[in-house]
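Visitor: Okay, here's the structure, questions in a sec.
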Amino acid sequence: MLKDKIKAAFDEPACPTNRAKAAGERAKGCSKPLTPGAAAGGCAYDGAKISLQPITDAAHLVHGPLACEGNSWDNRGSGSSGSDIWRRSFTTDLTELDIVTGTGEKKLYKAIREISTRFKPAAVFVYSTCVTALIGDDIDAVCKHASAKYGLPVIPVHSPGFAGSKNLGNKLAGNALLDHVIGTHQPDDVSPTDVVILGEFNLAGEFWMVKPLLDKLGIRVRTCVPGDARYLDVAAAHTANVTMVVCSTALIGLARRMEERWGIPYFEGSFYGITDTSESLRRLARLLVERGAPADLVERTEALIAAEEARAWARLEPYRARLAGKRVLLNTGGVKSWSIVAALMELGMEFVGTSVKKSTVEDKMRVQILLREEAHAFEGMAPRDLYAQLKGGDADIMLSGGRTQFIALKARVPWLDINQERIHPYAGYDGTVELVRQIDISISNPVWDEVRAPAPWDTEGRLTDRHVSHFTMDDDADAADPTFAARHRRKFANSRVDNTDPEYLAHHRKKFAGHAADDIGDD
Amino acid sequence: MLKDKIKAAFDEPACPTNRAKAAGERAKGCSKPLTPGAAAGGCAYDGAKISLQPITDAAHLVHGPLACEGNSWDNRGSGSSGSDIWRRSFTTDLTELDIVTGTGEKKLYKAIREISTRFKPAAVFVYSTCVTALIGDDIDAVCKHASAKYGLPVIPVHSPGFAGSKNLGNKLAGNALLDHVIGTHQPDDVSPTDVVILGEFNLAGEFWMVKPLLDKLGIRVRTCVPGDARYLDVAAAHTANVTMVVCSTALIGLARRMEERWGIPYFEGSFYGITDTSESLRRLARLLVERGAPADLVERTEALIAAEEARAWARLEPYRARLAGKRVLLNTGGVKSWSIVAALMELGMEFVGTSVKKSTVEDKMRVQILLREEAHAFEGMAPRDLYAQLKGGDADIMLSGGRTQFIALKARVPWLDINQERIHPYAGYDGTVELVRQIDISISNPVWDEVRAPAPWDTEGRLTDRHVSHFTMDDDADAADPTFAARHRRKFANSRVDNTDPEYLAHHRKKFAGHAADDIGDD
Amino acid sequence: MTDALSKVTHTQKAATVNPLKSSQPLGAALAFLGVANAMPLFHGTQGCTSFALVLIGRHYKEVIPIQTTAMDEVAAILGGADHLEEAILNLKKRTNPALIGVCTTALVETRGEDFAGELKLIHERRGNELAGTEIVLAQTPDFAGSIEEGWSKATTAIIEGVVPKGETRVSPERINILPGSHLTVADLEAIRDTVEAFGLEPTILPDISGSLDGKVAERWIPTSNGGVAVEDIRTMGGAVHTIAIGEQMRRPAEALKARTKVPYTLFDTLTGLAATDRFVALLAEISGRPVPARVRRARAQLEDAMLDGHFHFGGKRVAIAAEPDLLYAMARFFAGLGAEVSCAVSASGASPILEAVPAADVVVGDLDDFETRAEGCDLLVTHSHGRQASERLGIPLMHIGFPIFDRLGAQHRHTALYEGTRDLVFEVANIVQAHHVPRTPAELDPFRDHGDTHVGRPQTAAH
Amino acid sequence: MTDALSKVTHTQKAATVNPLKSSQPLGAALAFLGVANAMPLFHGTQGCTSFALVLIGRHYKEVIPIQTTAMDEVAAILGGADHLEEAILNLKKRTNPALIGVCTTALVETRGEDFAGELKLIHERRGNELAGTEIVLAQTPDFAGSIEEGWSKATTAIIEGVVPKGETRVSPERINILPGSHLTVADLEAIRDTVEAFGLEPTILPDISGSLDGKVAERWIPTSNGGVAVEDIRTMGGAVHTIAIGEQMRRPAEALKARTKVPYTLFDTLTGLAATDRFVALLAEISGRPVPARVRRARAQLEDAMLDGHFHFGGKRVAIAAEPDLLYAMARFFAGLGAEVSCAVSASGASPILEAVPAADVVVGDLDDFETRAEGCDLLVTHSHGRQASERLGIPLMHIGFPIFDRLGAQHRHTALYEGTRDLVFEVANIVQAHHVPRTPAELDPFRDHGDTHVGRPQTAAH
């Protein structure tokens, strides 16, 4: 019985990523088997939650024991221009008693009531987890029931962690939107220039650097999922004319199925980097014109692109000399890889490696075209290997997420957060300048030289020779003329170097009783 | 020449406090000679600055070397409802060169220009100091000149520190107001219920607890000097009908001379304590009626007093049981003494001493009537003696200013700031409740018991006998039944007492080689 | 300070809103990380491990070694013994840890296997391969307890797995310290210094001050880098005495006593003047030495800090949310300086120490219960997740406990003994002073509100 | 970090607005308070003493022993020799100090008397009565210098007054430490610990860590309670080496060297990894011992703190106002972690160290110069008087230097060596994090301001 329930949870249509995969690879399926004792990374629940939680006016309720939500909430920097309900954490926090007595479903039902009464969310998303999947709680039934009873949408998301990886979780979230949300609201202001952005998280508010560009062109973002999204707008996503998919692995399956169901064409684009931002604007404009938008949209878009690109390049110019030739290790997956690689290569930076762990085959190909050497693209790296590469001095900076942050820092290599915890916005033209500026700030920080300089002693604390020569006797000319004016002379800057005469010290130390006085520096 | 200049600076009318002094005392004059090596307290400059600085829209410029202003600014908690110019510090910060080359006057003149241009104050008060008095800078001339040139009042205040005490400085400040400020502005809204409050500093904004009472009675405070005062209002003080002097030693001379010059009657009153607050309201009302205000003012005042007193007493009632019999040492001078003594005695508190250092003879008599034993009133106490008295346990709390704060704390005696640095407002009915509340908070803080308990060892760190008995073996019944339920029993609160068996320890210690193991507790 | 027992209530809600607690296996992992060259192993799915690892990393700003048995859907149904064995063998081969600390999670505990039996079988089959690596088991499902319980269980598991039964020759200078999970790296360093100042040799279990103190090594270390050595744990039976700190450590102290007869003293807190006096006096008694001048000087400094600082506590209302032992320690600290603990929320309800918290009520609940009850307080005291309540209520937040991810150096803050208490006094006083805003005429107007709440807050006796 | 000399400019204003500096005699008094059983004596009016005493008390939260010659109008004109003599005799009689430190003030210096001659006469006349009390003279008029100069002069005066001339038998384990006025009580404690960890015996002059560390005594002590003993000062000529910290200590180090031939090493700062490395290496060299594990561990912790903390410095603009040595130390600290010191204001202009401050310009000025130049910065760094600028500009304030009267425990903050630098990194990172406000759509709008200052602050390379 348990087994059936869990199997049912996996009864999802074929993983959409497969579409982009080479025929030979398709057979492998989505989830690679993990090695016990040598695995790392999130689970399907993690992926599902990430994909939906920034829908800001909804409550996100996790049905399971504490750890799933309790150890992971409030850790992402998506910006909201409205409600803060999404930042709160909701979980049924199942106890042993709940599990033993099988009262999980009842508790879930009650929890939905409490939340809808107290916080008045636009909707409630309910996430299943390993334990509630294992014990067979029927969250579909509870959600349906609660929705009817409390008069708000309650959406089940089937996301037990053991189902697979974070990537699979993204897809499960997309399924939930398709099955329960999109198409359930018909807005009264549909226009021919409505678009949907999928897979944009508005981290550090960065989509707010892009949206005004679209506004200026008269392109209306019906909804950006999930960043700064409101539930009703997501529910109306089916009325848009074009879908742009930003984070390809996250929600491309959803885009494909929206095309199937409502005939909305989609494309994969990126707002990272100048060229990709421009290209995305272009494609949006062209597709909209194809779908009935005024033809001058294409020209206006080109004019905007020309102006904004010129301005951005002018602002980037001062960095070129500072950053050309710097070697970057990009350790993040998905669409960011090729966008960021392209952007930074345009400034003359080099890539010593790029993770393509979450990338589609198409992504990988783009990266390989950019990098020209396949060796640079890796599927993922064990911490130990990553540390070795960084410690070896291969890279001037690593761009990655928080998970590998401390590996870079412990190797004393500059690191920049380009994932969910970061506080700087990197999208659009302004965001590209900000990214380059942050890279420059990081690389040029004098802290690296200071922490890389070895201590003037060995691992046992014995002074190394290198050190001893640092000390010289305090300047007697100085001592002879201690007046202010004399000390104020220009060579002062040198005389401040710490100065001690090793011979003098040695002389005194020889008088030490019972001390191995002459061993200094080599004992 | 120098000598003449300094003598001139002291050519002030007879100290007005003398009026209140007994005939025999009058001969002594204002400043008692200080004992080198055994003196404490501020100087005339300090007193003058304190008396005027809370005039909020004026710049207060100190003409002298750094210490006078640099070591003392931004240390008082007067509230301003308007400008913050008064909080800024201005000084000519004379250098050795300025003094040697005699360019002090020029620098002062230039400083006034800079300040008037940049900060646009309503006026500039210029304070002379020891050094500028000694070198004979003619600040009168500079102020006159600058005033004419820059078109704003520039008021010289003759306050070299060596002239005498803080009290003298208060009077010098009063002289400056009388000679240069009051009477220089004629307002167009003079009314028969205009009053002037002198010597109220609006510390912690406490006058804002009183002013609404006066507002409600239709009594208009033309100006409260110096707390939250604006320059033009001070300049119009001569148009008021009554002067109330709050801090008697500070500005009573000014009040007397305002009576002489403009016929404004004055009285000494206080807004500390319920009875005194009521009495002050009463006298204001009566004097105003005598000077032409509507006769019903007296009745309305009585009605307000009745209502407010009833309310205040009701709010004080819960404290009576907590505070009755508590012994207070009041170590501050002036009008506060008798007002606060009276207020707290009404709650059943006792006074073990009251400083009458800054009090007039009249003040002292009031205190003595209240206390009934002359021994309780002291002129001032050396830190060593104060410490001895507090350490001896004579008082449950000391009320004083920051200067003696640490004497009380080092003696481990509760202390409440009732001087300029305090952050709690104590004026009026509400302020009296606040004062009592703060006294209660202070006295009832469990910190006193904790810091008074001696360490369980002597001054050499050897355990005292008192201690050893504290430890008992961990309860074996407890150990035998280590289940949660057993541990949860009611006697848990006791079993948490630290428990170690000294015999067990002694047993083990006997095995120590080379340790005087049995000496524990008495070696 | 009240000696009456406080009322402990559990909120009766179906939805936990803004959790206060972290999971039990996370607490167990932290304890295992306090053993040198150790590797915690979560028996569950990859996600459980990932969340714990990332959260601990955000707090300590470190690479955190925790591994997973990587349970998948098949194993979840059919049983995870193979995954457990494979994980252990993999870890042994790749990292050769001195100790593998198995922490079970909700998933495997829901299925309910015989983990101890499985481990025994693994040992029987693979004893040779696993030589030199202790394997201990802490059963720590997420559906019960919080960090404290996990920490306590893991410490107990280490003792029961590593310390041999029976009495042994006592080294009179050796002393065991069993610190609760609420003590920081700096606290452990200070405890060690103080114990050593009496000529005693402490064995601290767990000792995260060695492993989670934030330092840069010169090579990659796949296991915990520092901590108490397994060989030292093995000889804890030879100590003259055990000092347990926090009610959570009664269980391991009892376990150690049961195995080795080493008696123990339990300190409910080491924060505060009186508590530290008792601790120091015990060390003086055990060692037979006088209290060193340095310790006495620290005491005098604390006294002074309490005197200078008490102004900023008296009359203040404080809201605290934490795990039981930390809640108790902080509530005692605040109450002892005259503040009123008007809101006390505990992350878990199992500890008897809750009854001793000096507050009228102790609520076992979440940060939403906290936020609701903290309105009108002067200070919030909880971990980083309290930031939302702080923003919404406009009340300053003092960061304590775990996780602290939006501040640096949490592990280097002193919170125990004389110095730690002194630093806490300063921290609170400085938060209060930093947030002092002078009152306006409107706030002080006596006619503003002619009720009892006259000047913004109640002025009648609140005692 | 720039190695070019910075441009030092003096503001040309007649009015000092919001003084940054405190007076020179106050600095001298602080130094004298670092001698055990000492009594600073201000030669001036009562008011000078009162202001200094109250201000020092507000910073250290202590009863501060400083006395006054209580000059009045007559003495101001006729000369103060009688007052000086009477004060000294009174102090001797009432408090029997080991040392009386006479600090002249502007008043008596303006009159210009022969103070040294007067003191000599007093000693000739009253030698018997004054036996057992050293009397030293620091000429510290308020119209020149600031705390640093006063501190430096007083230390020099102590050396010249107490340390006998001539070489003496050298004790190879003795070392002199001459700390600048910018080091805290905690810094001095840490320096002592570090020196002692090498088996060396430090004599610290002045040593306020003994006297101004905040502690409660059991009796009334009218003089400084703690500090370096006069007898220890007397034998400083027997040290193997002198370490002076801060350019301000060159004068006393030279004086000591001139009298006793003890060579010295001057450290311009002890804040920062590299500076501490040099200090520790010098101790290793002097002692011939290896660097203890504990010190090496502190180094590793600092490295980690720098790595974790540098994110909060890079690209930030910082405004610092302080006395020269502290300004230099803090500017080096911030610049070393990637911040730009875009405003540096010095309380006094006499120190050559100002040219080495890593900032384009160093302004010798006041807090109004600071406030004007700090606009647009991310962080203000100065003493408590900077609070007004902080309020008006809406920029957070990090408290350093003297006076700090609106925070507790300033003297217990570590600012030097590995641990102090680590704590400073944490403090800055935490202020930055506490004041982080997520950006709004309006702030991020690319069309908000189509100039170069696109997103609130310049985004083009500012380097």
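Letters for chains follow the order of the structure tokens (A, B, ...), residue numbers begin at 1 for each chain, and ligand numbers begin at 1 in the order shown.
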Going by DSSP on the backbone, which residues of range 104-351 of chain D come out as strand (DSSP E or B)? List them as a ChimeraX atom specification.
Guide: /D:104,134-138,171-179,201-204,228,239-245,264-267,317-322,340-346
Visitor: What are the closest atom pairs, with distances in Å to one decimal, for all residues of chain B lying within 6 Å of chain D? Consider only C-alpha atoms, order rows by chain and residue number, and present the result as CSV.
Guide:
```
residue,atom,partner,partner_atom,distance
B:Pro36,CA,D:Thr69,CA,4.3
B:Gly37,CA,D:Ala87,CA,3.8
B:Gly41,CA,D:Ser50,CA,5.7
B:Gly42,CA,D:Gly47,CA,4.5
B:Cys43,CA,D:Gly47,CA,4.4
B:Pro65,CA,D:Phe143,CA,4.9
B:Leu66,CA,D:Asp142,CA,5.8
B:Ala67,CA,D:Ser23,CA,5.0
B:Gly70,CA,D:Pro19,CA,5.6
B:Asn71,CA,D:Ser22,CA,5.6
B:Ser72,CA,D:Phe51,CA,5.9
B:Arg88,CA,D:Asn18,CA,5.8
B:Ser89,CA,D:Asn18,CA,4.5
B:Phe90,CA,D:Val17,CA,4.7
B:Thr91,CA,D:Thr16,CA,5.2
B:Thr92,CA,D:Ala15,CA,4.8
B:Leu94,CA,D:Phe143,CA,5.7
B:Thr95,CA,D:Phe143,CA,4.5
B:Glu96,CA,D:Phe143,CA,5.5
B:Lys107,CA,D:Ala14,CA,5.3
B:Lys110,CA,D:Ala14,CA,5.8
B:Ala111,CA,D:Ala15,CA,4.4
B:Val131,CA,D:Leu107,CA,5.4
B:Phe162,CA,D:Asp72,CA,4.7
B:Ala163,CA,D:Glu73,CA,5.9
B:Phe406,CA,D:Val63,CA,5.6
B:Lys410,CA,D:Val216,CA,5.8
```
Visitor: Taking only C-alpha atoms into account, which residues of chain C are within 6 Å of chain D, as a compact mmCIF listing (two decimals) with C-alpha atoms, in the first residue's frame?
Guide:
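Just written: selection_0.txt:
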```txt
# COMPACT_ATOMS: atom_id res chain seq x y z
CA GLY C 214 36.87 29.05 12.29
CA LYS C 215 40.40 28.67 11.10
CA VAL C 216 42.19 28.16 7.83
CA ALA C 300 35.59 41.93 39.91
CA GLN C 301 35.24 43.07 36.30
CA ASP C 304 31.54 46.24 37.74
CA ARG C 407 26.08 38.01 11.67
CA LEU C 408 29.71 36.95 11.81
CA GLY C 409 31.61 35.51 14.72
CA PHE C 426 27.74 44.98 27.56
CA ASN C 430 24.73 48.62 23.98
```
